[in-house]
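Structure file upload24.csv; described as CSV, C-alpha atoms.
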chain,number,residue,atom,x,y,z
A,27,MET,CA,-198.3,43.8,-141.8
A,28,GLY,CA,-195.1,42.3,-143.1
A,29,LEU,CA,-191.9,44.1,-144.0
A,30,HIS,CA,-192.0,45.3,-147.5
A,31,LYS,CA,-189.2,46.5,-149.6
A,32,PRO,CA,-189.4,50.3,-149.9
A,33,THR,CA,-191.3,51.1,-153.1
A,34,VAL,CA,-190.6,54.0,-155.5
A,35,CYS,CA,-193.4,55.1,-157.9
A,36,ILE,CA,-192.4,56.6,-161.2
A,37,VAL,CA,-195.1,58.7,-162.9
A,38,ASP,CA,-194.3,59.9,-166.4
A,39,SER,CA,-196.4,59.7,-169.6
A,40,ASP,CA,-193.2,59.2,-171.8
A,41,ALA,CA,-192.4,55.4,-171.9
A,42,ALA,CA,-188.8,56.1,-172.8
A,43,ILE,CA,-188.3,58.3,-169.7
A,44,ARG,CA,-190.2,55.8,-167.5
A,45,SER,CA,-187.9,53.0,-168.5
A,46,ALA,CA,-184.7,55.2,-168.1
A,47,LEU,CA,-185.8,56.3,-164.7
A,48,SER,CA,-186.8,52.7,-163.8
A,49,ALA,CA,-183.3,51.4,-164.8
A,50,LEU,CA,-181.7,54.2,-162.8
A,51,VAL,CA,-183.8,53.8,-159.6
A,52,SER,CA,-183.5,49.9,-159.8
A,53,THR,CA,-179.8,50.3,-158.9
A,54,LEU,CA,-181.1,51.0,-155.4
A,55,PRO,CA,-182.5,48.2,-153.1
A,56,VAL,CA,-186.1,49.2,-153.9
A,57,HIS,CA,-189.2,48.0,-155.6
A,58,VAL,CA,-190.2,50.2,-158.6
A,59,LEU,CA,-193.7,50.8,-159.9
A,60,LEU,CA,-194.4,52.6,-163.1
A,61,PHE,CA,-197.4,54.7,-163.9
A,62,ASN,CA,-198.6,56.6,-166.9
A,63,ASP,CA,-200.4,59.4,-165.1
A,64,ALA,CA,-201.3,60.8,-161.7
A,65,GLU,CA,-204.8,59.2,-161.8
A,66,ALA,CA,-203.4,55.7,-162.3
A,67,MET,CA,-201.0,56.1,-159.4
A,68,LEU,CA,-203.6,57.6,-157.1
A,69,SER,CA,-206.0,54.7,-157.7
A,70,ASP,CA,-203.3,52.1,-157.2
A,71,MET,CA,-201.2,53.7,-154.6
A,72,PRO,CA,-199.0,51.4,-152.5
A,73,GLY,CA,-199.4,51.5,-148.7
A,74,GLU,CA,-196.8,52.1,-146.0
A,75,GLU,CA,-194.0,50.7,-148.2
A,76,LEU,CA,-194.2,53.7,-150.5
A,77,ALA,CA,-191.0,55.5,-149.8
A,78,CYS,CA,-190.7,58.0,-152.7
A,79,VAL,CA,-192.5,59.3,-155.8
A,80,ILE,CA,-190.8,60.6,-158.9
A,81,ALA,CA,-193.3,62.4,-161.1
A,82,GLU,CA,-193.2,64.6,-164.2
A,83,VAL,CA,-194.8,68.0,-163.7
A,84,ASP,CA,-196.5,68.2,-167.1
A,85,LEU,CA,-198.5,65.0,-166.9
A,86,PRO,CA,-201.6,64.6,-169.0
A,87,GLY,CA,-204.7,65.1,-166.8
A,88,ARG,CA,-203.7,65.9,-163.2
A,89,SER,CA,-200.3,67.6,-163.1
A,90,GLY,CA,-197.4,66.4,-160.9
A,91,ILE,CA,-198.1,69.4,-158.6
A,92,GLN,CA,-201.8,68.3,-158.2
A,93,LEU,CA,-200.6,64.8,-157.5
A,94,VAL,CA,-198.5,66.1,-154.6
A,95,GLU,CA,-201.6,68.1,-153.4
A,96,ASP,CA,-203.8,65.0,-153.7
A,97,MET,CA,-201.4,63.0,-151.6
A,98,VAL,CA,-201.1,65.7,-148.9
A,99,ARG,CA,-204.9,65.8,-148.8
A,100,LYS,CA,-205.0,62.0,-148.3
A,101,GLY,CA,-202.6,62.5,-145.4
A,102,ARG,CA,-199.8,60.7,-147.3
A,103,LYS,CA,-196.6,62.6,-146.8
A,104,VAL,CA,-194.5,60.8,-149.2
A,105,PRO,CA,-191.3,62.5,-150.4
A,106,THR,CA,-192.0,63.5,-154.0
A,107,ILE,CA,-189.5,64.6,-156.5
A,108,LEU,CA,-190.9,66.5,-159.4
A,109,LEU,CA,-189.2,66.6,-162.8
A,110,THR,CA,-189.8,69.0,-165.5
A,111,SER,CA,-188.5,70.0,-169.0
A,112,TYR,CA,-190.1,73.4,-169.1
A,113,SER,CA,-189.3,75.0,-165.7
A,114,ASP,CA,-189.8,78.5,-164.5
A,115,VAL,CA,-189.5,80.0,-161.0
A,116,PRO,CA,-193.2,80.3,-160.3
A,117,THR,CA,-193.8,76.6,-161.1
A,118,ALA,CA,-190.8,75.6,-158.9
A,119,VAL,CA,-192.1,77.7,-156.1
A,120,SER,CA,-195.6,76.3,-156.2
A,121,ALA,CA,-194.2,72.7,-156.5
A,122,LEU,CA,-192.2,73.1,-153.3
A,123,GLN,CA,-195.0,75.0,-151.5
A,124,ALA,CA,-197.4,72.2,-152.4
A,125,GLY,CA,-195.1,69.8,-150.5
A,126,ALA,CA,-192.7,68.4,-153.1
A,127,VAL,CA,-189.2,67.8,-151.6
A,128,ASP,CA,-187.4,68.6,-154.8
A,129,PHE,CA,-187.9,70.0,-158.3
A,130,ILE,CA,-185.4,68.9,-160.8
A,131,GLU,CA,-185.0,70.2,-164.4
A,132,LYS,CA,-184.6,67.8,-167.2
A,133,PRO,CA,-182.1,66.6,-168.4
A,134,PHE,CA,-181.4,65.5,-164.9
A,135,VAL,CA,-178.0,64.3,-163.6
A,136,ASP,CA,-178.3,60.6,-162.6
A,137,ARG,CA,-176.3,60.9,-159.5
A,138,GLN,CA,-178.2,63.9,-158.2
A,139,LEU,CA,-181.5,62.2,-158.7
A,140,LEU,CA,-180.3,59.0,-157.2
A,141,GLU,CA,-179.0,60.8,-154.1
A,142,ARG,CA,-182.4,62.4,-153.6
A,143,VAL,CA,-184.2,59.1,-153.9
A,144,GLU,CA,-181.8,57.4,-151.6
A,145,ARG,CA,-182.3,60.1,-149.0
A,146,ALA,CA,-186.1,59.8,-149.3
A,147,VAL,CA,-185.9,56.0,-148.9
A,148,THR,CA,-183.6,56.2,-145.9
A,149,TYR,CA,-185.9,58.8,-144.4
A,150,ALA,CA,-188.9,56.5,-144.9
A,151,ASN,CA,-187.2,53.6,-143.3
A,152,GLY,CA,-185.8,55.6,-140.3
B,28,MET,CA,-203.3,86.3,-128.0
B,29,ARG,CA,-204.0,89.9,-127.0
B,30,PRO,CA,-201.1,92.2,-127.9
B,31,ARG,CA,-199.7,93.7,-124.7
B,32,GLU,CA,-198.1,97.1,-124.6
B,33,THR,CA,-194.6,95.6,-124.3
B,34,GLU,CA,-195.2,93.5,-127.4
B,35,HIS,CA,-193.8,94.7,-130.8
B,36,ARG,CA,-196.0,95.5,-133.7
B,37,THR,CA,-195.8,93.2,-136.7
B,38,THR,CA,-193.3,94.7,-139.2
B,39,VAL,CA,-192.3,94.0,-142.8
B,40,PHE,CA,-188.5,94.2,-142.8
B,41,ILE,CA,-187.2,95.1,-146.3
B,42,VAL,CA,-183.6,94.5,-147.2
B,43,ASP,CA,-182.5,95.8,-150.6
B,44,ASP,CA,-179.4,97.6,-151.7
B,45,ASP,CA,-181.4,99.7,-154.2
B,46,ALA,CA,-182.8,102.8,-152.4
B,47,PRO,CA,-185.7,103.5,-154.9
B,48,VAL,CA,-186.8,99.8,-154.5
B,49,ARG,CA,-186.7,100.1,-150.7
B,50,ASP,CA,-188.7,103.3,-150.8
B,51,SER,CA,-191.4,102.0,-153.2
B,52,LEU,CA,-191.7,98.7,-151.2
B,53,SER,CA,-191.9,100.7,-148.0
B,54,MET,CA,-194.6,102.9,-149.4
B,55,LEU,CA,-196.5,99.9,-150.7
B,56,MET,CA,-196.6,98.4,-147.2
B,57,LYS,CA,-197.7,101.7,-145.6
B,58,SER,CA,-200.4,102.1,-148.2
B,59,VAL,CA,-202.1,99.0,-146.9
B,60,GLY,CA,-201.5,99.8,-143.2
B,61,LEU,CA,-198.5,97.6,-142.7
B,62,GLU,CA,-195.5,98.7,-140.6
B,63,ALA,CA,-192.3,98.7,-142.7
B,64,GLU,CA,-188.6,99.1,-141.9
B,65,THR,CA,-185.9,99.3,-144.5
B,66,PHE,CA,-182.3,98.2,-144.5
B,67,ALA,CA,-179.7,98.9,-147.2
B,68,SER,CA,-177.7,95.7,-146.5
B,69,ALA,CA,-177.9,92.2,-145.0
B,70,MET,CA,-175.4,93.3,-142.4
B,71,GLU,CA,-177.4,96.3,-141.4
B,72,PHE,CA,-180.5,94.1,-140.9
B,73,LEU,CA,-178.5,91.5,-138.8
B,74,GLU,CA,-177.1,94.3,-136.6
B,75,SER,CA,-180.6,95.4,-135.5
B,76,TYR,CA,-182.2,91.9,-135.7
B,77,ASP,CA,-184.4,91.1,-132.8
B,78,ALA,CA,-185.9,87.6,-132.7
B,79,ASP,CA,-188.8,88.8,-130.6
B,80,ARG,CA,-190.1,91.1,-133.2
B,81,PRO,CA,-192.9,89.5,-135.3
B,82,GLY,CA,-193.2,90.1,-139.0
B,83,CYS,CA,-191.6,88.9,-142.2
B,84,LEU,CA,-188.5,89.6,-144.2
B,85,VAL,CA,-188.6,90.8,-147.8
B,86,LEU,CA,-185.1,90.1,-149.1
B,87,ASP,CA,-183.3,90.9,-152.3
B,88,ILE,CA,-181.2,87.9,-153.4
B,89,ARG,CA,-178.4,89.8,-155.1
B,90,MET,CA,-176.7,92.4,-153.0
B,91,PRO,CA,-173.1,93.5,-152.6
B,92,GLY,CA,-171.4,92.1,-149.5
B,93,MET,CA,-173.6,89.5,-147.9
B,94,SER,CA,-176.2,88.1,-150.3
B,95,GLY,CA,-179.8,87.4,-149.5
B,96,LEU,CA,-179.1,83.7,-149.4
B,97,GLU,CA,-176.1,84.1,-147.1
B,98,LEU,CA,-178.4,86.1,-144.8
B,99,GLN,CA,-180.9,83.3,-144.8
B,100,GLU,CA,-178.1,80.9,-143.9
B,101,GLN,CA,-177.0,83.2,-141.0
B,102,LEU,CA,-180.6,83.4,-139.7
B,103,ASN,CA,-181.0,79.6,-140.0
B,104,SER,CA,-177.9,79.1,-137.9
B,105,MET,CA,-179.4,81.4,-135.3
B,106,HIS,CA,-182.7,79.3,-135.4
B,107,ALA,CA,-184.6,82.4,-136.5
B,108,ILE,CA,-188.2,81.7,-137.4
B,109,ILE,CA,-189.0,84.9,-139.3
B,110,PRO,CA,-190.5,83.9,-142.7
B,111,ILE,CA,-188.4,85.1,-145.7
B,112,ILE,CA,-189.8,86.2,-149.1
B,113,PHE,CA,-187.0,86.4,-151.6
B,114,ILE,CA,-187.2,88.9,-154.5
B,115,THR,CA,-185.0,88.4,-157.5
B,116,GLY,CA,-184.5,90.0,-160.9
B,117,HIS,CA,-183.4,86.7,-162.4
B,118,GLY,CA,-185.3,83.5,-163.0
B,119,ASP,CA,-183.1,80.9,-161.6
B,120,VAL,CA,-184.9,77.7,-160.8
B,121,PRO,CA,-182.2,75.9,-158.8
B,122,MET,CA,-181.8,79.0,-156.7
B,123,ALA,CA,-185.5,79.2,-156.0
B,124,VAL,CA,-185.7,75.5,-155.1
B,125,SER,CA,-182.7,75.7,-152.8
B,126,ALA,CA,-184.0,78.9,-151.0
B,127,ILE,CA,-187.4,77.2,-150.3
B,128,GLN,CA,-185.7,73.9,-149.3
B,129,HIS,CA,-183.8,76.0,-146.8
B,130,GLY,CA,-187.0,77.3,-145.3
B,131,ALA,CA,-187.9,80.4,-147.3
B,132,ALA,CA,-191.6,81.1,-147.3
B,133,ASP,CA,-191.7,82.4,-150.9
B,134,PHE,CA,-189.6,83.4,-153.8
B,135,ILE,CA,-190.9,86.1,-156.2
B,136,GLN,CA,-189.5,87.4,-159.5
B,137,LYS,CA,-189.3,91.0,-160.7
B,138,PRO,CA,-191.4,92.5,-162.1
B,139,PHE,CA,-194.3,91.5,-159.9
B,140,ARG,CA,-197.7,92.9,-159.4
B,141,ASP,CA,-198.1,94.8,-156.1
B,142,GLN,CA,-201.1,92.7,-155.1
B,143,ASP,CA,-199.2,89.5,-155.7
B,144,LEU,CA,-196.4,90.6,-153.3
B,145,LEU,CA,-199.0,91.8,-150.7
B,146,ASP,CA,-200.8,88.4,-150.9
B,147,ARG,CA,-197.6,86.6,-150.2
B,148,ILE,CA,-196.7,89.0,-147.4
B,149,ASN,CA,-200.0,88.4,-145.7
B,150,LYS,CA,-199.5,84.7,-146.0
B,151,ALA,CA,-196.0,85.0,-144.5
B,152,LEU,CA,-197.3,87.1,-141.7
B,153,GLU,CA,-200.0,84.6,-140.8
B,154,GLN,CA,-197.3,81.9,-140.8
B,155,ASP,CA,-195.1,84.0,-138.5
B,156,GLN,CA,-198.0,84.5,-136.1
B,157,HIS,CA,-198.8,80.8,-136.1
B,158,ASN,CA,-195.1,79.9,-135.5
B,159,ARG,CA,-194.8,82.3,-132.7
B,160,GLU,CA,-197.9,81.0,-131.0
B,161,THR,CA,-196.6,77.4,-131.3
B,162,LEU,CA,-193.2,78.4,-129.9
B,163,LEU,CA,-194.9,80.2,-127.0
B,164,GLU,CA,-197.0,77.2,-126.2
B,165,ILE,CA,-193.9,74.9,-126.3
B,166,ARG,CA,-191.9,77.2,-124.1
B,167,GLY,CA,-194.8,77.2,-121.6
B,168,ILE,CA,-194.8,73.4,-121.5
B,169,GLU,CA,-191.0,73.3,-121.2
B,170,GLN,CA,-191.2,75.7,-118.2
B,171,ARG,CA,-193.7,73.5,-116.5
B,172,LEU,CA,-191.6,70.4,-117.3
B,173,ALA,CA,-188.6,72.2,-115.7
B,174,SER,CA,-190.6,72.8,-112.5
B,175,LEU,CA,-190.9,69.1,-111.9
B,176,THR,CA,-188.5,67.4,-109.4
B,177,PRO,CA,-186.4,64.5,-110.9
B,178,ARG,CA,-188.7,62.0,-109.1
B,179,GLU,CA,-191.9,63.7,-110.5
B,180,HIS,CA,-190.3,63.7,-113.9
B,181,GLU,CA,-189.6,60.0,-113.7
B,182,VAL,CA,-193.2,59.3,-112.6
B,183,MET,CA,-194.5,61.5,-115.4
B,184,GLU,CA,-192.6,59.5,-118.0
B,185,LEU,CA,-194.1,56.3,-116.7
B,186,ILE,CA,-197.6,57.8,-116.6
B,187,VAL,CA,-197.2,59.0,-120.2
B,188,GLU,CA,-196.2,55.5,-121.2
B,189,GLY,CA,-199.6,54.5,-119.9
B,190,ARG,CA,-198.5,52.5,-116.9
B,191,PRO,CA,-201.0,52.2,-114.0
B,192,ASN,CA,-200.0,53.4,-110.5
B,193,LYS,CA,-199.6,49.9,-109.3
B,194,VAL,CA,-197.1,49.1,-111.9
B,195,ILE,CA,-195.2,52.4,-111.5
B,196,ALA,CA,-195.0,51.7,-107.7
B,197,GLY,CA,-193.4,48.3,-108.5
B,198,ASP,CA,-191.0,49.9,-111.1
B,199,LEU,CA,-189.8,52.6,-108.7
B,200,ASP,CA,-190.0,50.4,-105.6
B,201,VAL,CA,-192.3,52.8,-103.7
B,202,SER,CA,-195.8,52.5,-102.3
B,203,GLN,CA,-198.8,53.0,-104.5
B,204,ARG,CA,-199.8,55.9,-102.3
B,205,THR,CA,-196.5,57.7,-103.0
B,206,VAL,CA,-197.1,57.3,-106.7
B,207,GLU,CA,-200.6,58.7,-106.4
B,208,ILE,CA,-199.1,61.8,-104.6
B,209,HIS,CA,-196.5,62.3,-107.3
B,210,ARG,CA,-199.0,61.8,-110.0
B,211,ALA,CA,-201.3,64.5,-108.5
B,212,ARG,CA,-198.3,66.9,-108.2
B,213,VAL,CA,-197.4,66.2,-111.9
B,214,MET,CA,-200.9,66.8,-113.1
B,215,GLU,CA,-201.1,70.0,-111.1
B,216,LYS,CA,-197.7,71.4,-112.0
B,217,MET,CA,-198.2,70.6,-115.7
B,218,LYS,CA,-201.8,72.1,-115.5
B,219,ALA,CA,-202.9,68.9,-117.2
B,220,SER,CA,-206.7,68.3,-117.3
B,221,SER,CA,-206.4,64.7,-118.2
B,222,LEU,CA,-203.9,62.0,-119.0
B,223,ALA,CA,-204.5,62.6,-122.8
B,224,HIS,CA,-203.8,66.3,-122.2
B,225,LEU,CA,-200.5,65.5,-120.4
B,226,VAL,CA,-199.5,63.1,-123.3
B,227,ARG,CA,-200.2,65.8,-125.9
B,228,MET,CA,-198.1,68.4,-124.0
B,229,VAL,CA,-195.2,66.0,-123.6
B,230,MET,CA,-195.4,65.2,-127.3
B,231,ARG,CA,-195.6,68.8,-128.2
B,232,ALA,CA,-192.5,69.6,-126.2
B,233,ASN,CA,-190.6,66.8,-127.8
B,234,GLN,CA,-191.4,68.1,-131.2
B,235,GLY,CA,-190.0,71.5,-130.5

If you convert what's in this file into C-alpha cells, what do you get?
Amino acid sequence: MGLHKPTVCIVDSDAAIRSALSALVSTLPVHVLLFNDAEAMLSDMPGEELACVIAEVDLPGRSGIQLVEDMVRKGRKVPTILLTSYSDVPTAVSALQAGAVDFIEKPFVDRQLLERVERAVTYANG
Amino acid sequence: MRPRETEHRTTVFIVDDDAPVRDSLSMLMKSVGLEAETFASAMEFLESYDADRPGCLVLDIRMPGMSGLELQEQLNSMHAIIPIIFITGHGDVPMAVSAIQHGAADFIQKPFRDQDLLDRINKALEQDQHNRETLLEIRGIEQRLASLTPREHEVMELIVEGRPNKVIAGDLDVSQRTVEIHRARVMEKMKASSLAHLVRMVMRANQG
C-alpha cells in the first residue's frame, strides 16, 4: 500500500451545498470525494486513506445517522461530522451515540467546520 | 462478578435543585426497585462522591451555583467513570452535543416519559458495570506487572515483541538458560496461560 493523501468524503443531496463544502474543505491538503447519498458512498468507500466524512443528516434513502451506524458495523471508525438544517436535541443525541464525532447545525461557520475536519485528518494521520 | 458484602449497591444519584423533581424521580427509581439518592446541588453531590460506588448520575443542567455541566467537568478532571444522564428543560443542540462529546452517556429533554428515562438509566447502569469490570481487570494486570523485577520486565517486553529466547539472550548478554528462567517467572507472575494471553494483557494495560 502506498501513501495516499488523506481523503474527505462529502455526502449531501444538495449540489450547491456539495460544491460549497468541497471548496471549503479543499483549502486543506486533502483529497475530496463527493457523493449524492449514503448508498453511493458506502458502495464506493475509499480505504485506509479515508480520514473524515461530512454528511447531511436528512439524506434521501439512508440517513446520515444510518450511514454512521453502517460504517461502525463495517468496522470503519472514520470520524464523521453530521450537518443538519432541522436539528433537535433527540436527533443530536442519537447522532453522537451512533458514533458521529460532531453534529453541526446549518448554516455552519466555515472556520468551525474546517477545524473539525482538520482535527479528524490529523487524528487519522497520527 | 459476585457482589461481596463490602461492595456497594448500584445507586441512581439524582442531582436537581427542584425538590418536587427530586422526589418524583426518586420515587420512580424505587418503583422499579432501583436504589436512589438525591442531592439538592452539585456541591452536595461532590462532597459525598465516592468513586467506588457503582451507579449512574441523573443530573439537571441548570442549577444555581455549580451547573450540571460544571459538575461534569469536575468529575472528568477527577477521572470519574460514573455515566451521566443530563436532564434539561431547554432544547439546546450545541449544549447536548458538547455534553456528549465530553463523555455524557445521555441527554434527555423535559417533559419525558418515565419509561424513556428508565430505559436510558438501565443502559447507563450496564455501561457503568462494564466500565468497572474493565477497570478492575486493568488494575489486576497492573498489579501483576508491578510485581515483576526490572529484569523480568525487560525480558517480558522482549517476549511480547515476539523475540525468541536465543535472541533475547543475545540482546541482554545473558545465557539462554537465564532467559528461560526469567520467562517462566514472568508467565507465572502474570498468570499468563500462553504468549498470546500475555500480549493481550500487556495491550490491555497500555490501553488503560

- Message: What's the separation between CA of Ser75 in chain B and CA of Ile127 in chain B, in Å to one decimal place?
- Response: 24.4 Å

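Here the question is which of A:Glu65, A:Asp70, A:Glu144, A:Glu131 gets nearest to Pro105 in chain A using all atoms listed in the file, and that residue is A:Glu144.
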
Using only C-alpha atoms, select each residue of chain B with any atom at most 12 Å away from an atom of chain A, and give the selection as an mmCIF file with C-alpha atoms, in the coordinates of the input.
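iface38.cif, written as the output of this step:
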data_model
loop_
_atom_site.group_PDB
_atom_site.id
_atom_site.type_symbol
_atom_site.label_atom_id
_atom_site.label_comp_id
_atom_site.auth_asym_id
_atom_site.auth_seq_id
_atom_site.Cartn_x
_atom_site.Cartn_y
_atom_site.Cartn_z
ATOM 1 C CA ILE B 112 -189.800 86.200 -149.100
ATOM 2 C CA PHE B 113 -187.000 86.400 -151.600
ATOM 3 C CA ILE B 114 -187.200 88.900 -154.500
ATOM 4 C CA THR B 115 -185.000 88.400 -157.500
ATOM 5 C CA GLY B 116 -184.500 90.000 -160.900
ATOM 6 C CA HIS B 117 -183.400 86.700 -162.400
ATOM 7 C CA GLY B 118 -185.300 83.500 -163.000
ATOM 8 C CA ASP B 119 -183.100 80.900 -161.600
ATOM 9 C CA VAL B 120 -184.900 77.700 -160.800
ATOM 10 C CA PRO B 121 -182.200 75.900 -158.800
ATOM 11 C CA MET B 122 -181.800 79.000 -156.700
ATOM 12 C CA ALA B 123 -185.500 79.200 -156.000
ATOM 13 C CA VAL B 124 -185.700 75.500 -155.100
ATOM 14 C CA SER B 125 -182.700 75.700 -152.800
ATOM 15 C CA ALA B 126 -184.000 78.900 -151.000
ATOM 16 C CA ILE B 127 -187.400 77.200 -150.300
ATOM 17 C CA GLN B 128 -185.700 73.900 -149.300
ATOM 18 C CA HIS B 129 -183.800 76.000 -146.800
ATOM 19 C CA GLY B 130 -187.000 77.300 -145.300
ATOM 20 C CA ALA B 131 -187.900 80.400 -147.300
ATOM 21 C CA ALA B 132 -191.600 81.100 -147.300
ATOM 22 C CA ASP B 133 -191.700 82.400 -150.900
ATOM 23 C CA PHE B 134 -189.600 83.400 -153.800
ATOM 24 C CA ILE B 135 -190.900 86.100 -156.200
ATOM 25 C CA GLN B 136 -189.500 87.400 -159.500
ATOM 26 C CA LYS B 137 -189.300 91.000 -160.700
ATOM 27 C CA PHE B 139 -194.300 91.500 -159.900
ATOM 28 C CA ASP B 143 -199.200 89.500 -155.700
ATOM 29 C CA ARG B 147 -197.600 86.600 -150.200
#

- Message: To one decimal place in Å, what is the distance between CA of Val85 in chain B and CA of Arg36 in chain B?
- Response: 16.6 Å

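You will find CA of Gln99 in chain B at 11.5 Å from CA of Phe72 in chain B.
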
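Minimum atom-to-atom distances from A:Leu139, A:Cys78, A:Leu109, A:Leu54 to Ile91 in chain A were compared using only C-alpha atoms, and the lowest value belongs to A:Leu109.
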
Using only C-alpha atoms, find each residue of range 119-196 of chain B with at least one atom at most 10 Å away from an atom of range 40-57 of chain B; report its shortest atom-to-atom pair and that distance in Å (one decimal), sort the rows by chain and rising residue number, and return the result as a Markdown table.
| residue | atom | partner | partner_atom | distance |
| --- | --- | --- | --- | --- |
| B:Asp141 | CA | B:Leu55 | CA | 7.6 |
| B:Gln142 | CA | B:Leu55 | CA | 9.6 |
| B:Leu144 | CA | B:Leu52 | CA | 9.6 |
| B:Leu145 | CA | B:Met56 | CA | 7.8 |
| B:Ile148 | CA | B:Met56 | CA | 9.4 |

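Summary of the local environment: counting all atoms listed in the file, residues at most 9 Å from range 169-182 of chain B, other than itself and those fewer than 3 positions away along its chain, are B:Glu164, B:Ile165, B:Arg166, B:Leu185, B:Ile186, B:Val187, B:Ile195, B:Leu199, B:Val206, B:His209, B:Arg210, B:Arg212, B:Val213, B:Lys216, B:Met217, B:Lys218, B:Val229, B:Ala232.
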
Would you put the residues from that selection into a file with C-alpha atoms, as a compact mmCIF listing (two decimals), keeping the file's coordinate frame?
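Writing done, so here's out11.txt:
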# COMPACT_ATOMS: atom_id res chain seq x y z
CA GLU B 164 -197.00 77.20 -126.20
CA ILE B 165 -193.90 74.90 -126.30
CA ARG B 166 -191.90 77.20 -124.10
CA LEU B 185 -194.10 56.30 -116.70
CA ILE B 186 -197.60 57.80 -116.60
CA VAL B 187 -197.20 59.00 -120.20
CA ILE B 195 -195.20 52.40 -111.50
CA LEU B 199 -189.80 52.60 -108.70
CA VAL B 206 -197.10 57.30 -106.70
CA HIS B 209 -196.50 62.30 -107.30
CA ARG B 210 -199.00 61.80 -110.00
CA ARG B 212 -198.30 66.90 -108.20
CA VAL B 213 -197.40 66.20 -111.90
CA LYS B 216 -197.70 71.40 -112.00
CA MET B 217 -198.20 70.60 -115.70
CA LYS B 218 -201.80 72.10 -115.50
CA VAL B 229 -195.20 66.00 -123.60
CA ALA B 232 -192.50 69.60 -126.20

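Of the residues listed (A:Val104, A:Ala146, A:Val94, A:Leu85), A:Leu85 shows the shortest atom-to-atom separation from Phe61 in chain A; distances use only C-alpha atoms.
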
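Neighbouring residues of His157 in chain B at 12 Å or closer, counting all atoms listed in the file and skipping chain neighbours under 2 positions away, are Met28, Pro81, Gly82, Ile108, Ile109, Pro110, Lys150, Ala151, Leu152, Glu153, Gln154, Asp155, Arg159, Glu160, Thr161, Leu162, Leu163 and Glu164 of chain B.
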
Selection: 12 Å around Ser45 in chain A, only C-alpha atoms, excl. self and same-chain fewer than 3 positions, as a CSV table (one decimal) with C-alpha atoms, keeping the file's coordinate frame:
chain,number,residue,atom,x,y,z
A,36,ILE,CA,-192.4,56.6,-161.2
A,37,VAL,CA,-195.1,58.7,-162.9
A,38,ASP,CA,-194.3,59.9,-166.4
A,39,SER,CA,-196.4,59.7,-169.6
A,40,ASP,CA,-193.2,59.2,-171.8
A,41,ALA,CA,-192.4,55.4,-171.9
A,42,ALA,CA,-188.8,56.1,-172.8
A,48,SER,CA,-186.8,52.7,-163.8
A,49,ALA,CA,-183.3,51.4,-164.8
A,50,LEU,CA,-181.7,54.2,-162.8
A,51,VAL,CA,-183.8,53.8,-159.6
A,52,SER,CA,-183.5,49.9,-159.8
A,58,VAL,CA,-190.2,50.2,-158.6
A,59,LEU,CA,-193.7,50.8,-159.9
A,60,LEU,CA,-194.4,52.6,-163.1
A,61,PHE,CA,-197.4,54.7,-163.9
A,62,ASN,CA,-198.6,56.6,-166.9

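By chain and then residue number, the residues within 10 Å of His30 in chain A are Met27, Gly28, Pro32, Thr33, Val56, His57, Gly73, Glu74, Glu75 and Leu76 of chain A, counting all atoms listed in the file and disregarding those fewer than 2 positions away in sequence.
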
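Excluding Val143 in chain A and any residue on its chain fewer than 5 positions from it, the residues at most 10 Å away by only C-alpha atoms are Val34, Val51, Leu54, Ala77, Cys78, Val79, Ile80, Pro105, Thr106, Ile107, Arg137, Gln138, Thr148 and Tyr149 of chain A.
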
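With all atoms listed in the file as the atoms that count, the residue of B:Ala69, B:Ala107, B:Val201, B:Val194 with the shortest distance to Gly92 in chain B is B:Ala69.
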
Got a minute to add N, CA and C atoms to range 128-139 of chain B and dump it as a PDB file, in the frame of the given file?
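Written out: rebuild-v1.pdb:
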ATOM      1  N   GLN B 128    -186.160  75.078-150.049  1.00  0.00           N
ATOM      2  CA  GLN B 128    -185.700  73.900-149.300  1.00  0.00           C
ATOM      3  C   GLN B 128    -185.068  74.318-147.973  1.00  0.00           C
ATOM      4  N   HIS B 129    -184.420  75.482-147.992  1.00  0.00           N
ATOM      5  CA  HIS B 129    -183.800  76.000-146.800  1.00  0.00           C
ATOM      6  C   HIS B 129    -184.735  76.802-145.919  1.00  0.00           C
ATOM      7  N   GLY B 130    -186.002  76.729-146.228  1.00  0.00           N
ATOM      8  CA  GLY B 130    -187.000  77.300-145.300  1.00  0.00           C
ATOM      9  C   GLY B 130    -187.644  78.612-145.765  1.00  0.00           C
ATOM     10  N   ALA B 131    -187.260  79.148-146.926  1.00  0.00           N
ATOM     11  CA  ALA B 131    -187.900  80.400-147.300  1.00  0.00           C
ATOM     12  C   ALA B 131    -189.402  80.189-147.519  1.00  0.00           C
ATOM     13  N   ALA B 132    -190.171  81.212-147.158  1.00  0.00           N
ATOM     14  CA  ALA B 132    -191.600  81.100-147.300  1.00  0.00           C
ATOM     15  C   ALA B 132    -192.011  81.260-148.759  1.00  0.00           C
ATOM     16  N   ASP B 133    -191.271  82.110-149.477  1.00  0.00           N
ATOM     17  CA  ASP B 133    -191.700  82.400-150.900  1.00  0.00           C
ATOM     18  C   ASP B 133    -190.479  82.959-151.632  1.00  0.00           C
ATOM     19  N   PHE B 134    -190.674  83.007-152.929  1.00  0.00           N
ATOM     20  CA  PHE B 134    -189.600  83.400-153.800  1.00  0.00           C
ATOM     21  C   PHE B 134    -190.308  84.085-155.015  1.00  0.00           C
ATOM     22  N   ILE B 135    -190.100  85.358-155.219  1.00  0.00           N
ATOM     23  CA  ILE B 135    -190.900  86.100-156.200  1.00  0.00           C
ATOM     24  C   ILE B 135    -189.940  86.799-157.203  1.00  0.00           C
ATOM     25  N   GLN B 136    -190.321  86.751-158.489  1.00  0.00           N
ATOM     26  CA  GLN B 136    -189.500  87.400-159.500  1.00  0.00           C
ATOM     27  C   GLN B 136    -189.957  88.760-159.866  1.00  0.00           C
ATOM     28  N   LYS B 137    -189.002  89.640-160.136  1.00  0.00           N
ATOM     29  CA  LYS B 137    -189.300  91.000-160.700  1.00  0.00           C
ATOM     30  C   LYS B 137    -189.548  90.847-162.167  1.00  0.00           C
ATOM     31  N   PRO B 138    -190.430  91.578-162.797  1.00  0.00           N
ATOM     32  CA  PRO B 138    -191.400  92.500-162.100  1.00  0.00           C
ATOM     33  C   PRO B 138    -192.575  91.702-161.589  1.00  0.00           C
ATOM     34  N   PHE B 139    -193.120  92.166-160.463  1.00  0.00           N
ATOM     35  CA  PHE B 139    -194.300  91.500-159.900  1.00  0.00           C
ATOM     36  C   PHE B 139    -195.404  92.514-159.734  1.00  0.00           C
TER      37      PHE B 139
END
